[in-house]
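Visitor: Contents of target-v3.cif (mmCIF, C-alpha atoms (C1' of nucleotides) and all ligand atoms):
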```cif
data_input
#
loop_
_atom_site.label_atom_id
_atom_site.label_comp_id
_atom_site.auth_asym_id
_atom_site.auth_seq_id
_atom_site.Cartn_x
_atom_site.Cartn_y
_atom_site.Cartn_z
CA MET A 1 -31.98 -4.82 27.58
CA VAL A 2 -32.21 -2.06 25.01
CA ILE A 3 -29.73 -3.47 22.57
CA SER A 4 -30.32 -7.00 21.33
CA LYS A 5 -27.55 -9.54 21.04
CA ILE A 6 -27.64 -9.41 17.28
CA ASP A 7 -27.57 -5.64 17.19
CA LYS A 8 -24.67 -5.60 19.62
CA MET A 9 -22.74 -8.09 17.56
CA HIS A 10 -22.99 -5.75 14.62
CA SER A 11 -22.42 -2.56 16.51
CA LEU A 12 -19.22 -0.63 16.50
CA SER A 13 -17.06 0.26 19.45
CA LYS A 14 -16.55 3.91 20.31
CA ASN A 15 -13.39 4.44 18.29
CA GLN A 16 -14.67 2.34 15.43
CA GLN A 17 -17.83 4.43 15.28
CA ILE A 18 -15.97 7.75 15.35
CA ILE A 19 -13.66 6.65 12.57
CA PHE A 20 -16.36 5.04 10.49
CA ASP A 21 -18.51 8.17 10.70
CA LEU A 22 -15.63 10.30 9.47
CA ILE A 23 -14.90 8.01 6.52
CA ASP A 24 -18.57 7.59 5.72
CA LYS A 25 -19.14 11.34 5.52
CA SER A 26 -16.08 11.90 3.36
CA PRO A 27 -16.59 12.32 -0.37
CA GLU A 28 -13.10 10.99 -0.98
CA PRO A 29 -10.88 8.23 0.38
CA LEU A 30 -9.15 9.15 3.63
CA LYS A 31 -5.63 8.29 4.67
CA ALA A 32 -4.82 7.00 8.12
CA TYR A 33 -3.02 10.11 9.27
CA THR A 34 -5.68 12.40 7.87
CA ILE A 35 -8.12 10.42 9.96
CA LEU A 36 -5.86 10.66 12.99
CA PHE A 37 -5.62 14.42 12.62
CA ASN A 38 -9.39 14.74 12.30
CA VAL A 39 -10.29 12.66 15.34
CA GLN A 40 -7.78 14.01 17.79
CA LYS A 41 -10.40 16.39 19.13
CA LYS A 42 -12.47 13.31 19.96
CA GLY A 43 -9.70 11.81 22.07
CA ILE A 44 -8.08 9.46 19.58
CA LYS A 45 -4.49 10.51 19.89
CA ALA A 46 -2.20 7.84 18.46
CA PRO A 47 -1.74 5.84 15.24
CA PRO A 48 -2.44 2.41 16.74
CA GLN A 49 -5.90 3.51 17.76
CA VAL A 50 -6.64 4.51 14.19
CA TYR A 51 -5.08 1.46 12.56
CA ARG A 52 -6.85 -0.92 14.93
CA ALA A 53 -10.21 0.57 14.16
CA LEU A 54 -9.45 0.54 10.44
CA ASP A 55 -8.46 -3.13 10.59
CA LYS A 56 -11.71 -4.09 12.27
CA LEU A 57 -13.83 -1.99 9.94
CA VAL A 58 -12.15 -3.59 6.94
CA GLU A 59 -12.73 -7.06 8.42
CA MET A 60 -16.40 -6.23 8.89
CA GLY A 61 -16.69 -4.94 5.34
CA LYS A 62 -17.81 -1.50 6.56
CA ILE A 63 -14.90 0.14 4.78
CA HIS A 64 -12.43 -0.87 2.08
CA LYS A 65 -8.78 -0.05 1.63
CA ILE A 66 -7.77 1.34 -1.74
CA GLU A 67 -4.41 -0.38 -1.95
CA SER A 68 -2.91 1.79 -4.65
CA ARG A 69 -3.65 4.89 -2.58
CA ASN A 70 -3.26 3.72 1.00
CA ALA A 71 -6.64 5.20 1.71
CA PHE A 72 -10.02 4.08 2.97
CA ILE A 73 -13.60 4.53 1.79
CA ALA A 74 -16.91 3.47 3.26
CA CYS A 75 -18.71 0.62 1.58
CA HIS A 76 -22.03 1.60 0.09
CA ASN A 77 -23.10 -1.85 -1.10
CA SER A 78 -25.48 -2.12 1.88
CA SER A 79 -22.67 -2.82 4.33
CA CYS A 80 -20.80 -5.00 1.93
CA GLN A 81 -20.99 -8.73 2.49
CA VAL A 82 -18.26 -8.73 -0.06
CA ALA A 83 -15.25 -7.34 1.77
CA LYS A 84 -13.65 -10.24 -0.05
CA ALA A 85 -14.65 -9.22 -3.52
CA THR A 86 -13.98 -5.58 -4.19
CA ALA A 87 -13.68 -3.49 -7.33
CA PHE A 88 -13.07 0.21 -7.68
CA SER A 89 -12.73 2.82 -10.35
CA ILE A 90 -10.13 5.48 -9.73
CA CYS A 91 -9.76 8.73 -11.64
CA GLU A 92 -6.11 9.46 -12.24
CA ILE A 93 -6.70 13.19 -12.38
CA CYS A 94 -9.07 14.09 -9.54
CA GLU A 95 -8.53 10.86 -7.58
CA LYS A 96 -12.26 10.27 -7.27
CA VAL A 97 -12.87 6.66 -6.26
CA THR A 98 -16.09 4.74 -6.79
CA GLU A 99 -16.90 1.23 -5.70
CA ILE A 100 -18.07 -0.82 -8.65
CA SER A 101 -20.93 -3.16 -8.08
CA SER A 102 -21.55 -5.22 -11.14
CA ALA A 103 -23.17 -8.60 -10.85
CA GLY A 104 -21.54 -9.69 -14.09
CA LEU A 105 -18.07 -8.68 -12.98
CA SER A 106 -18.30 -10.23 -9.54
CA LYS A 107 -19.71 -13.44 -10.96
CA TYR A 108 -16.94 -13.60 -13.54
CA LEU A 109 -14.21 -13.02 -10.98
CA ALA A 110 -15.69 -15.24 -8.28
CA ASN A 111 -15.67 -18.11 -10.75
CA PHE A 112 -12.30 -17.37 -12.28
CA LYS A 113 -9.84 -20.23 -12.10
CA ASP A 114 -6.23 -19.98 -13.17
CA LYS A 115 -4.30 -22.56 -15.15
CA ASP A 116 -3.57 -24.64 -12.05
CA GLY A 117 -7.26 -24.73 -11.27
CA MET A 118 -6.59 -22.56 -8.27
CA LYS A 119 -9.76 -20.96 -6.98
CA TYR A 120 -9.59 -17.83 -4.94
CA SER A 121 -11.27 -16.81 -1.73
CA LYS A 122 -10.80 -13.11 -2.24
CA TYR A 123 -9.90 -10.49 -4.78
CA ASN A 124 -9.36 -6.77 -5.19
CA LEU A 125 -9.59 -5.01 -8.51
CA GLU A 126 -8.67 -1.40 -9.19
CA PHE A 127 -9.49 0.24 -12.51
CA PHE A 128 -7.79 3.48 -13.53
CA GLY A 129 -8.97 6.05 -16.01
CA LEU A 130 -10.62 9.41 -16.26
CA CYS A 131 -13.94 10.15 -14.64
CA LYS A 132 -16.76 11.92 -16.46
CA LYS A 133 -15.79 15.30 -15.09
CA CYS A 134 -12.12 14.98 -16.01
CA ARG A 135 -12.60 13.58 -19.49
CA MET B 1 27.70 2.60 -33.47
CA VAL B 2 27.32 -0.71 -31.69
CA ILE B 3 24.02 0.01 -30.03
CA SER B 4 21.21 1.12 -32.29
CA LYS B 5 18.80 3.86 -31.35
CA ILE B 6 16.03 1.37 -30.83
CA ASP B 7 18.18 -0.86 -28.68
CA LYS B 8 19.30 2.10 -26.65
CA MET B 9 15.76 3.25 -26.15
CA HIS B 10 14.93 -0.12 -24.72
CA SER B 11 18.08 -0.61 -22.72
CA LEU B 12 18.36 -0.10 -19.03
CA SER B 13 20.63 2.31 -17.23
CA LYS B 14 23.20 0.98 -14.83
CA ASN B 15 21.09 1.22 -11.68
CA GLN B 16 17.99 0.03 -13.49
CA GLN B 17 19.86 -3.04 -14.73
CA ILE B 18 21.29 -3.89 -11.32
CA ILE B 19 17.90 -3.63 -9.69
CA PHE B 20 16.06 -5.43 -12.46
CA ASP B 21 18.54 -8.32 -12.33
CA LEU B 22 18.02 -8.70 -8.60
CA ILE B 23 14.23 -8.72 -8.90
CA ASP B 24 14.32 -10.99 -11.93
CA LYS B 25 16.41 -13.59 -10.11
CA SER B 26 14.24 -13.52 -7.02
CA PRO B 27 11.67 -16.28 -6.60
CA GLU B 28 9.54 -13.94 -4.54
CA PRO B 29 8.47 -10.29 -4.62
CA LEU B 30 11.09 -7.96 -3.21
CA LYS B 31 10.50 -4.88 -1.11
CA ALA B 32 12.27 -1.62 -1.79
CA TYR B 33 14.46 -1.71 1.30
CA THR B 34 15.32 -5.37 0.77
CA ILE B 35 16.50 -4.34 -2.67
CA LEU B 36 18.42 -1.41 -1.22
CA PHE B 37 20.19 -3.67 1.26
CA ASN B 38 21.09 -6.14 -1.49
CA VAL B 39 22.55 -3.63 -3.89
CA GLN B 40 24.60 -1.56 -1.50
CA LYS B 41 27.65 -3.59 -2.38
CA LYS B 42 27.10 -2.43 -5.98
CA GLY B 43 27.19 1.21 -4.99
CA ILE B 44 23.50 1.98 -4.71
CA LYS B 45 23.38 3.51 -1.30
CA ALA B 46 20.19 5.50 -0.86
CA PRO B 47 16.42 5.04 -1.17
CA PRO B 48 15.87 7.52 -4.01
CA GLN B 49 18.21 5.55 -6.24
CA VAL B 50 16.13 2.46 -5.67
CA TYR B 51 12.74 4.13 -5.97
CA ARG B 52 13.75 5.95 -9.16
CA ALA B 53 14.85 2.74 -10.81
CA LEU B 54 11.71 0.96 -9.63
CA ASP B 55 9.51 3.72 -11.04
CA LYS B 56 11.14 3.50 -14.45
CA LEU B 57 11.04 -0.28 -14.52
CA VAL B 58 7.35 -0.24 -13.67
CA GLU B 59 6.70 2.34 -16.41
CA MET B 60 8.51 0.11 -18.90
CA GLY B 61 6.54 -2.92 -17.81
CA LYS B 62 9.71 -4.80 -16.84
CA ILE B 63 8.47 -5.21 -13.29
CA HIS B 64 5.14 -4.88 -11.51
CA LYS B 65 4.27 -3.60 -8.09
CA ILE B 66 2.14 -5.87 -5.92
CA GLU B 67 0.14 -3.13 -4.26
CA SER B 68 -1.16 -5.15 -1.35
CA ARG B 69 2.38 -6.13 -0.41
CA ASN B 70 4.44 -3.09 -1.37
CA ALA B 71 6.71 -5.39 -3.29
CA PHE B 72 7.96 -5.87 -6.82
CA ILE B 73 8.22 -8.83 -9.18
CA ALA B 74 9.65 -9.16 -12.66
CA CYS B 75 7.22 -9.49 -15.51
CA HIS B 76 7.46 -12.81 -17.29
CA ASN B 77 4.91 -12.13 -20.00
CA SER B 78 7.72 -11.51 -22.50
CA SER B 79 8.49 -8.06 -21.12
CA CYS B 80 4.90 -7.22 -20.55
CA GLN B 81 3.31 -4.87 -22.99
CA VAL B 82 0.58 -4.91 -20.43
CA ALA B 83 2.00 -2.93 -17.54
CA LYS B 84 -1.47 -1.45 -17.73
CA ALA B 85 -3.36 -4.68 -17.34
CA THR B 86 -2.03 -6.80 -14.53
CA ALA B 87 -3.41 -9.70 -12.56
CA PHE B 88 -1.78 -11.70 -9.81
CA SER B 89 -2.51 -14.61 -7.56
CA ILE B 90 -1.21 -14.34 -4.04
CA CYS B 91 -0.99 -17.14 -1.51
CA GLU B 92 -2.01 -15.89 1.89
CA ILE B 93 0.12 -18.47 3.67
CA CYS B 94 3.47 -18.60 1.87
CA GLU B 95 3.08 -15.27 0.08
CA LYS B 96 3.96 -16.81 -3.26
CA VAL B 97 2.90 -14.47 -6.05
CA THR B 98 2.24 -15.46 -9.65
CA GLU B 99 1.36 -13.24 -12.55
CA ILE B 100 -1.79 -14.47 -14.21
CA SER B 101 -1.89 -14.38 -17.95
CA SER B 102 -5.29 -15.38 -19.17
CA ALA B 103 -6.55 -14.16 -22.51
CA GLY B 104 -10.12 -14.56 -21.34
CA LEU B 105 -9.59 -12.53 -18.20
CA SER B 106 -7.70 -9.72 -19.87
CA LYS B 107 -10.23 -9.51 -22.64
CA TYR B 108 -13.08 -9.40 -20.15
CA LEU B 109 -11.45 -6.68 -18.07
CA ALA B 110 -10.18 -4.62 -20.99
CA ASN B 111 -13.75 -4.42 -22.28
CA PHE B 112 -15.41 -3.89 -18.95
CA LYS B 113 -17.52 -0.76 -18.75
CA ASP B 114 -19.15 0.49 -15.59
CA LYS B 115 -22.67 1.87 -15.28
CA ASP B 116 -21.59 5.32 -16.46
CA GLY B 117 -20.06 3.76 -19.55
CA MET B 118 -16.64 4.67 -18.23
CA LYS B 119 -13.90 2.73 -19.94
CA TYR B 120 -10.60 2.26 -18.27
CA SER B 121 -7.06 2.66 -19.48
CA LYS B 122 -5.52 0.48 -16.84
CA TYR B 123 -6.31 -2.04 -14.14
CA ASN B 124 -4.69 -4.12 -11.45
CA LEU B 125 -6.26 -7.25 -10.04
CA GLU B 126 -5.03 -9.23 -7.06
CA PHE B 127 -6.50 -12.60 -6.20
CA PHE B 128 -5.92 -14.14 -2.79
CA GLY B 129 -6.14 -17.75 -1.79
CA LEU B 130 -4.01 -20.77 -1.03
CA CYS B 131 -1.45 -22.07 -3.47
CA LYS B 132 -1.16 -25.76 -4.37
CA LYS B 133 1.56 -26.35 -1.80
CA CYS B 134 -0.31 -24.66 1.03
CA ARG B 135 -3.68 -26.20 0.40
"C1'" DC C 1 -22.62 -10.52 42.03
"C1'" DT C 2 -18.18 -12.67 41.09
"C1'" DT C 3 -15.00 -14.43 38.26
"C1'" DA C 4 -13.12 -15.48 33.99
"C1'" DT C 5 -12.29 -14.30 29.28
"C1'" DA C 6 -12.04 -11.71 25.32
"C1'" DA C 7 -12.23 -7.23 23.05
"C1'" DA C 8 -11.04 -2.68 22.99
"C1'" DT C 9 -8.34 1.22 24.51
"C1'" DG C 10 -4.30 4.29 25.86
"C1'" DT C 11 0.52 5.27 25.35
"C1'" DT C 12 5.33 5.37 24.04
"C1'" DA C 13 8.47 4.12 21.00
"C1'" DT C 14 10.02 2.36 16.74
"C1'" DA C 15 9.89 0.19 12.14
"C1'" DT C 16 8.88 0.50 7.34
"C1'" DT C 17 7.88 2.76 3.09
"C1'" DA C 18 8.47 6.78 0.20
"C1'" DT C 19 9.58 11.59 -1.25
"C1'" DT C 20 11.79 16.37 -1.44
"C1'" DA C 21 15.43 19.01 -2.62
"C1'" DC C 22 19.50 20.07 -4.57
"C1'" DA C 23 24.05 19.15 -6.54
"C1'" DT C 24 26.57 16.59 -10.07
"C1'" DA C 25 27.47 13.70 -14.09
"C1'" DG C 26 26.50 11.45 -18.33
"C1'" DT C 27 24.14 11.15 -23.12
"C1'" DG C 28 22.44 12.58 -27.42
"C1'" DT C 29 21.58 16.51 -30.65
"C1'" DT C 30 22.55 20.66 -33.15
"C1'" DA D 1 30.60 24.28 -27.64
"C1'" DA D 2 25.89 24.77 -26.22
"C1'" DC D 3 21.69 22.79 -25.10
"C1'" DA D 4 18.30 19.68 -23.39
"C1'" DC D 5 17.38 15.57 -21.27
"C1'" DT D 6 18.14 11.62 -18.44
"C1'" DA D 7 20.30 9.52 -14.80
"C1'" DT D 8 22.96 9.61 -10.54
"C1'" DG D 9 24.60 10.83 -5.71
"C1'" DT D 10 23.48 12.48 -1.16
"C1'" DA D 11 21.29 14.25 2.98
"C1'" DA D 12 17.33 15.10 5.15
"C1'" DT D 13 12.63 14.31 6.07
"C1'" DA D 14 7.80 12.86 5.28
"C1'" DA D 15 4.31 9.44 5.30
"C1'" DT D 16 2.67 4.93 6.46
"C1'" DA D 17 2.39 1.20 9.77
"C1'" DT D 18 3.50 -1.88 13.74
"C1'" DA D 19 5.47 -3.67 18.36
"C1'" DA D 20 5.05 -3.88 23.04
"C1'" DC D 21 2.92 -3.36 27.22
"C1'" DA D 22 -0.33 -1.49 30.64
"C1'" DT D 23 -5.14 -0.65 31.51
"C1'" DT D 24 -10.01 -0.60 30.91
"C1'" DT D 25 -14.42 -2.15 29.25
"C1'" DA D 26 -17.69 -5.54 27.55
"C1'" DT D 27 -19.56 -10.30 27.48
"C1'" DA D 28 -20.55 -14.70 29.23
"C1'" DA D 29 -20.70 -18.22 32.74
"C1'" DG D 30 -21.15 -19.93 37.29
ZN ZN E 201 -18.20 -2.65 -0.56
ZN ZN E 202 -11.72 12.92 -12.28
ZN ZN E 203 3.57 -8.61 -16.72
ZN ZN E 204 1.36 -20.99 -0.47
#
```
So, in terms of structure tokens, how does the structure I just supplied come out?

Guide:
Amino acid sequence: MVISKIDKMHSLSKNQQIIFDLIDKSPEPLKAYTILFNVQKKGIKAPPQVYRALDKLVEMGKIHKIESRNAFIACHNSSCQVAKATAFSICEICEKVTEISSAGLSKYLANFKDKDGMKYSKYNLEFFGLCKKCR
Amino acid sequence: MVISKIDKMHSLSKNQQIIFDLIDKSPEPLKAYTILFNVQKKGIKAPPQVYRALDKLVEMGKIHKIESRNAFIACHNSSCQVAKATAFSICEICEKVTEISSAGLSKYLANFKDKDGMKYSKYNLEFFGLCKKCR
DNA sequence: CTTATAAATGTTATATTATTACATAGTGTT
DNA sequence: AACACTATGTAATAATATAACATTTATAAG
């Protein structure tokens, strides 16, 4: 047995790997149909194949969806344990997106309780502004 | 002149008013095509009419878009000056959405700076969890 | 190895969300 | 009236996402 149980559990299926590789190499967030177009040469021909892989990759925390852009980026927080606690900065000019990893911020938000004392299991935060280059 | 300049500047056009009223009365976020369906009897017949009104209302801070749901809710923070600083709690069971208004939270986020010292002009935060009723 | 089960894939069609483009009408200003 | 600006009406289409169902592949158990 070349691949251990643990490794296998964390490994990606064929389509997942193809799509993750594409997103991971991309300097910018990719949209589902951009992905579809770019993997058709690898045999992935239809939207459901792309969306299914994206769903799984998001679940695993390997990628994140930028909700305001309907686009996906790879997680670079060492394969994010925090698919449930995401924060991004988005440049409104060049559309550059960066995942924010701030211990202070995540601690603050993880502990945030609203007026009803409701505590949350998950959050997504998107900051907008101008990046260094565009300022 | 019955309507002053200032009043006029802040007043809504016919379609904007119709669509705002519908959203404002709704206990839950409304999607664009749900809105379209509900205002057809008032003469708004096509998607662009709805999307244009929604865009303006969002700009004005009269409504907010819940990005993770592609849906819109009325602002209840006294016609939100803070269209640029929004936070919501979303129940993952019943889909109830509440706008969070916490001085502490908004202060924390408004002052948040990332590692590059980038300061942001806008943010949107969505918390997910279970509401009182669903817990 | 066989069987059972779950996960992933392939495929067609369709649903949902959003925009482009262009023509027309109203509003406020000079 | 002439102009600029905002809003509206309308048709067509683009972009994003899911439903449904058949098939295959991977994993685990007996
Ligand atoms: Zn991450
Ligand atoms: Zn930029
Ligand atoms: Zn508000
Ligand atoms: Zn609930």

Visitor: With all atoms of region 25-36 of chain A from the file as input, state the centre and edge lengths in Å to one decimal of the axis-aligned box that has 8 Å extra on each side, as JSON.

Guide:
```
{"center_x": -11.1, "center_y": 9.7, "center_z": 6.0, "size_x": 32.1, "size_y": 21.4, "size_z": 30.0}
```

Visitor: Just give me the gap between CA of Asn15 (chain A) and C1' of DT5 (chain C) in Å, one decimal is fine.

Guide: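 Atom-to-atom, CA of Asn15 (chain A) to C1' of DT5 (chain C), that is 21.8 Å.
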
Visitor: Taking (8.8, -5.3, -17.0) in the file's coordinates, which residues come within 12 Å, counting all atoms listed in the file, written as a ChimeraX atom specification?

Guide: /B:10-12,16-17,19-21,23-24,53-65,72-84,86,99

Visitor: Taking 2 positions as the minimum chain separation for residues in the same chain, which residues sit within 10 Å of region 11-13 of chain D when counting all atoms listed in the file? Answer as a PyMOL selection string.

Guide: (chain B and resi 46) or (chain C and resi 19-22) or (chain D and resi 9+15)

Visitor: Select all residues from chain A having any atom no more than 12 Å from an atom of chain D (counting only C-alpha atoms (C1' of nucleotides), ignoring ligands), output as a PyMOL selection string.

Guide: chain A and resi 5+8-9+13-14+31-34+46-52+54-55+69-71

Visitor: For the residues in the current selection, export C-alpha atoms as a compact mmCIF listing (two decimals), keeping the file's coordinate frame.

Guide:
```txt
# COMPACT_ATOMS: atom_id res chain seq x y z
CA LYS A 5 -27.55 -9.54 21.04
CA LYS A 8 -24.67 -5.60 19.62
CA MET A 9 -22.74 -8.09 17.56
CA SER A 13 -17.06 0.26 19.45
CA LYS A 14 -16.55 3.91 20.31
CA LYS A 31 -5.63 8.29 4.67
CA ALA A 32 -4.82 7.00 8.12
CA TYR A 33 -3.02 10.11 9.27
CA THR A 34 -5.68 12.40 7.87
CA ALA A 46 -2.20 7.84 18.46
CA PRO A 47 -1.74 5.84 15.24
CA PRO A 48 -2.44 2.41 16.74
CA GLN A 49 -5.90 3.51 17.76
CA VAL A 50 -6.64 4.51 14.19
CA TYR A 51 -5.08 1.46 12.56
CA ARG A 52 -6.85 -0.92 14.93
CA LEU A 54 -9.45 0.54 10.44
CA ASP A 55 -8.46 -3.13 10.59
CA ARG A 69 -3.65 4.89 -2.58
CA ASN A 70 -3.26 3.72 1.00
CA ALA A 71 -6.64 5.20 1.71
```

Visitor: Could you list, as a PyMOL selection string, every residue of chain B that has an atom within 8 Å of an atom of chain A, counting all atoms listed in the file?

Guide: chain B and resi 67-68+100+102+114+118-132

Visitor: Give me, please, the distance in Å between atom ZN of ligand ZN 202 (chain E) and CA of Ile93 (chain A), quoted to one decimal.

Guide: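 Atom-to-atom, atom ZN of ligand ZN 202 (chain E) and CA of Ile93 (chain A) are spaced 5.0 Å apart.
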
Visitor: If I take CA of Lys96 (chain B) and CA of Pro27 (chain B), how far is one from the other in Å, to one decimal?

Guide: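 About the pair CA of Lys96 (chain B) and CA of Pro27 (chain B): they are 8.4 Å apart.
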
Visitor: I need the contact residues of chain C against chain A, so if you could list those with any atom within 8 Å, counting only C-alpha atoms (C1' of nucleotides), and return them as a PyMOL selection string, that would help.

Guide: chain C and resi 8-9+11

Visitor: Name the closest residue to ligand ZN 201 (chain E) among the candidates A:Ser106, A:Cys134, A:Lys25, A:Lys42; distances are taken between atoms, counting only C-alpha atoms and all ligand atoms.

Guide: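 Among A:Ser106, A:Cys134, A:Lys25, A:Lys42, it is A:Ser106 that comes nearest to ligand ZN 201 (chain E).
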